[in-house]
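*Asks:* My structure is below; once you've seen it, I'll send some questions.
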Amino acid sequence: MSNQHGSTTKKHHDEKIDFEKSLKEIEGLFGSSKTTSKKQGFISKLLKKDTKPIVISTILYIFQSLPVYMVPLLTSNIIDLITLRPENYVMQIIINVVIILISLFLNVPFTCLRGRVVNNMIRTTTAKVKSTLIRKLQRLSITFHKEIEEGVLQSKFLRDMENVENYYRLFVNSLLVNILTAIISIAIAAVKNPIVLLFFIIAIPTNVIIVKLLRKKIGAQSSIFRKENENLSAKITTSIQMMAVTKAHGLLSQEATSVDQKIETATQAGLKLDKTNMFFGAILWVASQTISIICFCFCVYLAIKNIITVGDVVLFQSLFASISSSILSITSIIPNLVSGAEAVRSLSEIMQADELEHDDGKLPVPGIKGNFEFHNVCYQYPKTDKAVIRDFNLKVNAGQTVAFVGSSGSGKSTIINLIIGLLSPVSGDIIVDGKNLRDLPMQTYRKFISVVPQNTILFSGTIKENITYGLSHYSEQEFQKAVEDAAINEFLSILPNGLNTMVGEHGDKLSGGQKQRISIARALIRKPNILILDEATSALDNISELHIQKAIENASKDRTTFIVAHRLSTIRNADLIVVMENGKIVETGSYQELIKLNGKFAELERLSTFTGE
């Protein structure tokens, strides 16, 4: 068994190195907790990361946008040729028209080429961000996940990721290209007539001032709108999860009203943001058009004074229209850029979270025998003063079956989470095969563990797919043995497609006992060195429990097994029973020894028997 795991150790180590490199690269885009301006850091780092494709796309854009510059210039030439009618003016007009047509037709191939470069760059980068976000969530501690609602995480991953992708796309496709267009137009105007250039320059600070005046208000309202949407998403997720309870207690009206309140709050926040954005756009448009009219009048005056030609009037008006259009395009996307920056800040809450399982510098685990020693282990959850595990001392030999019993809140599940490595002791040590658990890389350590949780987790797929989840190699014999040991054959005959029956979302098409047996089969097929059963028979009837109890006894052979037991009848054959109360061990021994002791365990046994009867 250890050889099977050991043969993949190098592969997992290489995958870990590649992942760490990718994780650090993408996390770096979102800055650190010390970064003062996350959105600037994000964009500047993206530009640095994607320098080559951005340079190529910029060159392609210059050729793509040739008509923007060539049409005004050549139209101005044609008007002057018609007005002045020099020698061979007809041929010159034809040449100008041909050049215009060539620049127009060139737009198609260069647009396609640039689109391919930009889209590949953006989609590749955002795909890496999504992948890293998922992997970061996987590495964050269980404490982090307990403190953030599932709906909030969904909103961050779906809505905020979409806004971040749109943020980058707008920056590359709108902001950069419009800045480039404005610079080229200003350069042409400077060459033709420096006096007119003054009007061009005035337009830029005017719009910048307006943007600065309204940006903070847009940013604040965008932040409120994002948070209200996260709250709404969390509420809807909870409402769907609680649907059965809501119906059973006749609370449909109250729940609908509660959801409506969240929807109304998010709607009002959105309307306020929309109102500000519309006012922002209107002010910018009026300012731009006013300056454009003044510029036109000034150009007409210069033409009357024979300082510039009639064609130059058309040229300058076209160039100013181009600059105004670029500035309006830039300023009109400011609300979206602000939303994108807010989305970056939102995702930064995850990317910058440091509640990680740190595996850096830890060597892969070649194998696990299953010897455990607990030395004065204590644990308390963050932001609380009460310890849930106190002075926990225990020695477990490889191959032993150890059961934890105790009343609700005694610390049984916390000990299991400490063994799995989902939690880390605040003091004391857990020694596994002579090594401190803190020094073992969790990603490889857990490959030797199988867990059957109390609340069975199934995904929408077949029974077979749920049992073999995550396995790339297994024999049909191994699969059938896991099915048989978990007593799944017992109910296959009543299912429409046997092992290929779809279980439905969360396994809703199966009973609690059927789902739990699938979960047990999923654990057994992995042939783990350490088996953890967290009240694995709690949802089974008495007959099914007998089958599972026998399967557990078979599965426990030659491996270390930890059992959290509610039904004490399932742990009669355990090598060691640990009785817990208020986070401390109060009794240890075999089943018979503890019954004879007539202490806490005997009391729990009498209560269990009474409840069963």
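FYI, nothing fancy with the structure tokens labels: chains A, B, ... in order, residues from 1 per chain, ligands from 1 as they appear.
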I'd like the neighbourhood of A:Leu197 as a PyMOL selection string, where a residue qualifies if any of its atoms comes within 9 Å (using only C-alpha atoms), though same-chain residues fewer than 6 positions away should be ignored.
*Replies:* chain A and resi 186-187+189-190
*Asks:* Would you write out those residues with N, CA and C atoms, as a CSV table (one decimal), in the first residue's frame?
*Replies:*
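So selection_12.csv came out as:
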```csv
chain,number,residue,atom,x,y,z
A,186,ILE,N,-3.4,64.3,-31.3
A,186,ILE,CA,-2.8,65.5,-30.8
A,186,ILE,C,-1.4,65.8,-31.5
A,187,ALA,N,-0.7,64.8,-31.8
A,187,ALA,CA,0.6,64.9,-32.5
A,187,ALA,C,0.3,65.5,-33.9
A,189,ALA,N,-2.2,67.3,-34.9
A,189,ALA,CA,-2.6,68.7,-34.7
A,189,ALA,C,-1.4,69.6,-34.4
A,190,ALA,N,-0.5,69.1,-33.6
A,190,ALA,CA,0.7,69.9,-33.2
A,190,ALA,C,1.5,70.2,-34.5
```
*Asks:* What lies within 10 Å of stretch 248-264 of chain A using only C-alpha atoms, ignoring chain neighbours under 3 positions off, as a list of chain:residue names?
*Replies:*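 Using only C-alpha atoms, the neighbours found are A:Glu228, A:Asn229, A:Asn231, A:Leu232, A:Ser233, A:Ala234, A:Lys235, A:Ile236, A:Ser239, A:Met242, A:Met243, A:Ala244, A:Val245, A:Thr267, A:Gln268, A:Ala269, A:Gly270.
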*Asks:* Using only C-alpha atoms, which residues sit within 10 Å of A:Gly219 once same-chain residues fewer than 2 positions away are excluded, as a PyMOL selection string?
*Replies:* chain A and resi 214-217+221-225+273+334-339+341-342
*Asks:* Emit the selected residues as a CSV table (one decimal), in the first residue's frame, including all heavy atoms.
*Replies:*
```
chain,number,residue,atom,x,y,z
A,214,LEU,N,-16.0,63.1,-9.2
A,214,LEU,CA,-17.1,62.1,-9.1
A,214,LEU,C,-16.6,60.7,-8.8
A,214,LEU,O,-17.4,59.8,-8.4
A,214,LEU,CB,-18.0,62.1,-10.3
A,214,LEU,CG,-18.8,63.3,-10.6
A,214,LEU,CD1,-19.5,63.2,-11.9
A,214,LEU,CD2,-19.8,63.6,-9.5
A,215,ARG,N,-15.3,60.4,-9.0
A,215,ARG,CA,-14.7,59.1,-8.8
A,215,ARG,C,-15.0,58.5,-7.4
A,215,ARG,O,-15.3,57.3,-7.3
A,215,ARG,CB,-13.2,59.0,-9.2
A,215,ARG,CG,-12.7,57.6,-9.2
A,215,ARG,CD,-11.2,57.7,-9.6
A,215,ARG,NE,-10.4,58.5,-8.6
A,215,ARG,CZ,-9.1,58.7,-8.8
A,215,ARG,NH1,-8.5,58.3,-9.9
A,215,ARG,NH2,-8.5,59.5,-7.9
A,216,LYS,N,-14.7,59.3,-6.4
A,216,LYS,CA,-14.8,58.8,-5.0
A,216,LYS,C,-16.3,58.3,-4.7
A,216,LYS,O,-16.5,57.3,-4.1
A,216,LYS,CB,-14.4,59.8,-4.0
A,216,LYS,CG,-12.9,60.0,-4.0
A,216,LYS,CD,-12.5,60.9,-2.8
A,216,LYS,CE,-11.0,61.0,-2.7
A,216,LYS,NZ,-10.6,62.0,-1.6
A,217,LYS,N,-17.2,59.2,-5.2
A,217,LYS,CA,-18.6,58.8,-5.0
A,217,LYS,C,-19.0,57.5,-5.7
A,217,LYS,O,-19.7,56.7,-5.2
A,217,LYS,CB,-19.5,60.0,-5.5
A,217,LYS,CG,-21.0,59.8,-5.1
A,217,LYS,CD,-21.8,61.1,-5.4
A,217,LYS,CE,-23.2,60.9,-5.0
A,217,LYS,NZ,-24.0,62.1,-5.3
A,221,GLN,N,-20.2,54.0,-3.8
A,221,GLN,CA,-21.4,53.4,-4.2
A,221,GLN,C,-21.2,52.0,-4.8
A,221,GLN,O,-22.0,51.1,-4.6
A,221,GLN,CB,-22.3,54.3,-5.1
A,221,GLN,CG,-22.8,55.5,-4.3
A,221,GLN,CD,-23.6,56.4,-5.2
A,221,GLN,OE1,-23.8,56.2,-6.4
A,221,GLN,NE2,-24.2,57.5,-4.6
A,222,SER,N,-20.2,51.9,-5.6
A,222,SER,CA,-19.8,50.6,-6.2
A,222,SER,C,-19.5,49.5,-5.1
A,222,SER,O,-19.9,48.4,-5.2
A,222,SER,CB,-18.7,50.7,-7.1
A,222,SER,OG,-18.4,49.5,-7.8
A,223,SER,N,-18.8,50.0,-4.1
A,223,SER,CA,-18.4,49.1,-2.9
A,223,SER,C,-19.7,48.6,-2.2
A,223,SER,O,-19.8,47.4,-1.9
A,223,SER,CB,-17.5,49.8,-2.0
A,223,SER,OG,-17.2,49.0,-0.9
A,224,ILE,N,-20.6,49.6,-2.0
A,224,ILE,CA,-21.9,49.2,-1.3
A,224,ILE,C,-22.7,48.3,-2.1
A,224,ILE,O,-23.2,47.3,-1.6
A,224,ILE,CB,-22.7,50.5,-1.0
A,224,ILE,CG1,-22.0,51.4,0.0
A,224,ILE,CG2,-24.1,50.2,-0.5
A,224,ILE,CD1,-22.6,52.8,0.2
A,225,PHE,N,-22.7,48.5,-3.4
A,225,PHE,CA,-23.5,47.6,-4.3
A,225,PHE,C,-22.9,46.2,-4.3
A,225,PHE,O,-23.7,45.2,-4.3
A,225,PHE,CB,-23.5,48.2,-5.7
A,225,PHE,CG,-24.3,47.4,-6.7
A,225,PHE,CD1,-25.6,47.2,-6.5
A,225,PHE,CD2,-23.7,46.9,-7.9
A,225,PHE,CE1,-26.4,46.5,-7.5
A,225,PHE,CE2,-24.4,46.2,-8.8
A,225,PHE,CZ,-25.7,46.0,-8.6
A,273,LEU,N,-26.2,53.8,-7.7
A,273,LEU,CA,-25.0,53.7,-8.5
A,273,LEU,C,-25.3,54.1,-10.0
A,273,LEU,O,-24.6,54.8,-10.6
A,273,LEU,CB,-24.4,52.3,-8.5
A,273,LEU,CG,-23.1,52.0,-9.3
A,273,LEU,CD1,-22.0,52.9,-8.8
A,273,LEU,CD2,-22.7,50.6,-9.2
A,334,ILE,N,-15.1,54.7,-16.8
A,334,ILE,CA,-14.6,54.9,-15.4
A,334,ILE,C,-15.4,54.1,-14.4
A,334,ILE,O,-14.9,53.4,-13.5
A,334,ILE,CB,-14.5,56.4,-15.1
A,334,ILE,CG1,-13.4,57.1,-15.9
A,334,ILE,CG2,-14.3,56.6,-13.6
A,334,ILE,CD1,-12.0,56.6,-15.6
A,335,PRO,N,-16.8,54.2,-14.5
A,335,PRO,CA,-17.6,53.4,-13.5
A,335,PRO,C,-17.3,51.9,-13.6
A,335,PRO,O,-17.2,51.3,-12.5
A,335,PRO,CB,-19.0,53.7,-14.0
A,335,PRO,CG,-19.0,55.0,-14.6
A,335,PRO,CD,-17.7,55.1,-15.3
A,336,ASN,N,-17.1,51.4,-14.8
A,336,ASN,CA,-16.8,50.0,-14.9
A,336,ASN,C,-15.4,49.7,-14.4
A,336,ASN,O,-15.1,48.6,-13.8
A,336,ASN,CB,-16.9,49.6,-16.4
A,336,ASN,CG,-18.3,49.5,-16.9
A,336,ASN,OD1,-19.2,49.3,-16.1
A,336,ASN,ND2,-18.5,49.9,-18.2
A,337,LEU,N,-14.4,50.6,-14.6
A,337,LEU,CA,-13.1,50.4,-14.1
A,337,LEU,C,-13.1,50.5,-12.6
A,337,LEU,O,-12.4,49.7,-11.9
A,337,LEU,CB,-12.2,51.5,-14.6
A,337,LEU,CG,-11.8,51.4,-16.1
A,337,LEU,CD1,-10.9,52.6,-16.5
A,337,LEU,CD2,-11.1,50.1,-16.5
A,338,VAL,N,-14.0,51.4,-12.0
A,338,VAL,CA,-14.1,51.4,-10.5
A,338,VAL,C,-14.7,50.1,-10.0
A,338,VAL,O,-14.3,49.6,-9.0
A,338,VAL,CB,-15.0,52.6,-10.1
A,338,VAL,CG1,-15.3,52.6,-8.7
A,338,VAL,CG2,-14.3,54.0,-10.5
A,339,SER,N,-15.7,49.6,-10.7
A,339,SER,CA,-16.3,48.3,-10.3
A,339,SER,C,-15.3,47.2,-10.4
A,339,SER,O,-15.2,46.3,-9.5
A,339,SER,CB,-17.5,48.0,-11.2
A,339,SER,OG,-18.5,48.9,-11.1
A,341,ALA,N,-12.0,47.6,-10.1
A,341,ALA,CA,-11.0,47.8,-9.0
A,341,ALA,C,-11.6,47.3,-7.7
A,341,ALA,O,-10.9,46.7,-6.9
A,341,ALA,CB,-10.7,49.3,-8.9
A,342,GLU,N,-12.9,47.5,-7.5
A,342,GLU,CA,-13.6,47.0,-6.3
A,342,GLU,C,-13.6,45.5,-6.3
A,342,GLU,O,-13.5,44.9,-5.3
A,342,GLU,CB,-15.1,47.6,-6.3
A,342,GLU,CG,-15.8,47.1,-5.0
A,342,GLU,CD,-15.2,47.6,-3.8
A,342,GLU,OE1,-14.6,48.7,-3.7
A,342,GLU,OE2,-15.3,46.8,-2.8
```
*Asks:* Could you pull out the residues in stretch 347-538 of chain A that DSSP calls strand (DSSP E) from the backbone, as a PyMOL selection string?
*Replies:* chain A and resi 372-379+389-396+401-406+427-432+435-436+449-452+530-534
*Asks:* Using C-alpha atoms, can you write the selected residues to a file as an mmCIF file, in the first residue's frame?
*Replies:*
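To be explicit, this is the file written out as again.cif:
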```cif
data_model
loop_
_atom_site.group_PDB
_atom_site.id
_atom_site.type_symbol
_atom_site.label_atom_id
_atom_site.label_comp_id
_atom_site.auth_asym_id
_atom_site.auth_seq_id
_atom_site.Cartn_x
_atom_site.Cartn_y
_atom_site.Cartn_z
ATOM 1 C CA PHE A 372 0.074 8.777 16.875
ATOM 2 C CA GLU A 373 1.137 10.554 20.050
ATOM 3 C CA PHE A 374 -0.685 13.571 21.486
ATOM 4 C CA HIS A 375 1.385 15.662 23.917
ATOM 5 C CA ASN A 376 -0.505 18.297 25.935
ATOM 6 C CA VAL A 377 -2.554 19.305 22.884
ATOM 7 C CA CYS A 378 -4.730 22.380 23.314
ATOM 8 C CA TYR A 379 -6.935 24.147 20.778
ATOM 9 C CA ILE A 389 -9.381 20.893 23.583
ATOM 10 C CA ARG A 390 -7.327 21.026 26.795
ATOM 11 C CA ASP A 391 -4.248 19.058 27.881
ATOM 12 C CA PHE A 392 -5.016 16.174 25.534
ATOM 13 C CA ASN A 393 -2.520 13.305 25.950
ATOM 14 C CA LEU A 394 -2.881 9.999 24.141
ATOM 15 C CA LYS A 395 -0.772 7.309 22.477
ATOM 16 C CA VAL A 396 -2.138 5.254 19.556
ATOM 17 C CA THR A 401 -8.986 1.200 16.461
ATOM 18 C CA VAL A 402 -9.649 4.176 18.711
ATOM 19 C CA ALA A 403 -13.144 5.496 19.433
ATOM 20 C CA PHE A 404 -13.963 8.942 20.802
ATOM 21 C CA VAL A 405 -17.207 9.291 22.733
ATOM 22 C CA GLY A 406 -18.770 12.045 24.758
ATOM 23 C CA SER A 427 -0.075 24.490 21.939
ATOM 24 C CA GLY A 428 1.230 20.973 22.351
ATOM 25 C CA ASP A 429 2.260 18.515 19.634
ATOM 26 C CA ILE A 430 0.757 15.736 17.540
ATOM 27 C CA ILE A 431 3.450 13.207 16.590
ATOM 28 C CA VAL A 432 2.834 10.906 13.611
ATOM 29 C CA LYS A 435 7.415 13.300 13.214
ATOM 30 C CA ASN A 436 5.549 16.396 14.291
ATOM 31 C CA ILE A 449 -6.269 9.134 5.018
ATOM 32 C CA SER A 450 -9.878 8.332 4.174
ATOM 33 C CA VAL A 451 -12.725 10.076 5.967
ATOM 34 C CA VAL A 452 -16.377 9.088 6.290
ATOM 35 C CA ILE A 530 -5.640 5.856 8.413
ATOM 36 C CA LEU A 531 -9.429 5.518 8.413
ATOM 37 C CA ILE A 532 -11.607 8.131 10.112
ATOM 38 C CA LEU A 533 -15.300 7.500 10.740
ATOM 39 C CA ASP A 534 -17.206 10.492 12.086
#
```
*Asks:* Measure the distance from atom CA of A:Gln516 to atom CA of A:Lys557 in Å and round it to one decimal.
*Replies:* 20.7 Å
*Asks:* Applying 10 Å and only C-alpha atoms, which residues near A:Cys295 remain after dropping the ones on its own chain fewer than 3 positions away? List them as a PDB file with N, CA and C atoms, in the first residue's frame.
*Replies:*
```pdb
ATOM      1  N   VAL A 196      -4.026  75.775 -32.589  1.00  0.00           N
ATOM      2  CA  VAL A 196      -5.254  74.987 -32.399  1.00  0.00           C
ATOM      3  C   VAL A 196      -5.036  73.898 -31.345  1.00  0.00           C
ATOM      4  N   LEU A 197      -3.783  73.500 -31.199  1.00  0.00           N
ATOM      5  CA  LEU A 197      -3.453  72.435 -30.244  1.00  0.00           C
ATOM      6  C   LEU A 197      -3.884  72.803 -28.822  1.00  0.00           C
ATOM      7  N   LEU A 198      -3.934  74.133 -28.527  1.00  0.00           N
ATOM      8  CA  LEU A 198      -4.317  74.570 -27.181  1.00  0.00           C
ATOM      9  C   LEU A 198      -5.703  74.070 -26.797  1.00  0.00           C
ATOM     10  N   PHE A 199      -6.637  74.110 -27.759  1.00  0.00           N
ATOM     11  CA  PHE A 199      -8.001  73.632 -27.482  1.00  0.00           C
ATOM     12  C   PHE A 199      -8.001  72.121 -27.210  1.00  0.00           C
ATOM     13  N   PHE A 200      -7.137  71.430 -27.923  1.00  0.00           N
ATOM     14  CA  PHE A 200      -7.051  69.981 -27.741  1.00  0.00           C
ATOM     15  C   PHE A 200      -6.573  69.658 -26.316  1.00  0.00           C
ATOM     16  N   GLN A 289     -18.727  68.452 -25.731  1.00  0.00           N
ATOM     17  CA  GLN A 289     -19.381  69.098 -26.873  1.00  0.00           C
ATOM     18  C   GLN A 289     -19.199  70.618 -26.853  1.00  0.00           C
ATOM     19  N   THR A 290     -19.188  71.189 -25.649  1.00  0.00           N
ATOM     20  CA  THR A 290     -18.999  72.640 -25.523  1.00  0.00           C
ATOM     21  C   THR A 290     -17.619  73.055 -26.032  1.00  0.00           C
ATOM     22  N   ILE A 291     -16.608  72.312 -25.599  1.00  0.00           N
ATOM     23  CA  ILE A 291     -15.243  72.608 -26.053  1.00  0.00           C
ATOM     24  C   ILE A 291     -15.120  72.379 -27.558  1.00  0.00           C
ATOM     25  N   SER A 292     -15.805  71.359 -28.080  1.00  0.00           N
ATOM     26  CA  SER A 292     -15.769  71.062 -29.515  1.00  0.00           C
ATOM     27  C   SER A 292     -16.343  72.212 -30.344  1.00  0.00           C
ATOM     28  N   PHE A 298     -13.338  78.690 -33.490  1.00  0.00           N
ATOM     29  CA  PHE A 298     -11.996  79.249 -33.567  1.00  0.00           C
ATOM     30  C   PHE A 298     -11.327  78.879 -34.896  1.00  0.00           C
ATOM     31  N   CYS A 299     -11.524  77.634 -35.347  1.00  0.00           N
ATOM     32  CA  CYS A 299     -10.956  77.194 -36.618  1.00  0.00           C
ATOM     33  C   CYS A 299     -11.574  77.963 -37.796  1.00  0.00           C
ATOM     34  N   VAL A 300     -12.869  78.222 -37.724  1.00  0.00           N
ATOM     35  CA  VAL A 300     -13.549  79.005 -38.774  1.00  0.00           C
ATOM     36  C   VAL A 300     -12.948  80.416 -38.816  1.00  0.00           C
ATOM     37  N   TYR A 301     -12.712  80.996 -37.629  1.00  0.00           N
ATOM     38  CA  TYR A 301     -12.107  82.331 -37.566  1.00  0.00           C
ATOM     39  C   TYR A 301     -10.723  82.329 -38.209  1.00  0.00           C
ATOM     40  N   VAL A 313      -9.861  73.164 -41.510  1.00  0.00           N
ATOM     41  CA  VAL A 313     -11.012  73.267 -40.591  1.00  0.00           C
ATOM     42  C   VAL A 313     -11.645  71.885 -40.396  1.00  0.00           C
ATOM     43  N   PHE A 316      -9.072  69.619 -38.407  1.00  0.00           N
ATOM     44  CA  PHE A 316      -9.013  69.875 -36.968  1.00  0.00           C
ATOM     45  C   PHE A 316     -10.301  69.455 -36.266  1.00  0.00           C
ATOM     46  N   GLN A 317     -11.440  69.677 -36.934  1.00  0.00           N
ATOM     47  CA  GLN A 317     -12.699  69.281 -36.318  1.00  0.00           C
ATOM     48  C   GLN A 317     -12.795  67.760 -36.196  1.00  0.00           C
ATOM     49  N   PHE A 320     -10.366  66.749 -33.429  1.00  0.00           N
ATOM     50  CA  PHE A 320     -10.914  67.062 -32.115  1.00  0.00           C
ATOM     51  C   PHE A 320     -12.046  66.107 -31.765  1.00  0.00           C
TER      52      PHE A 320
END
```
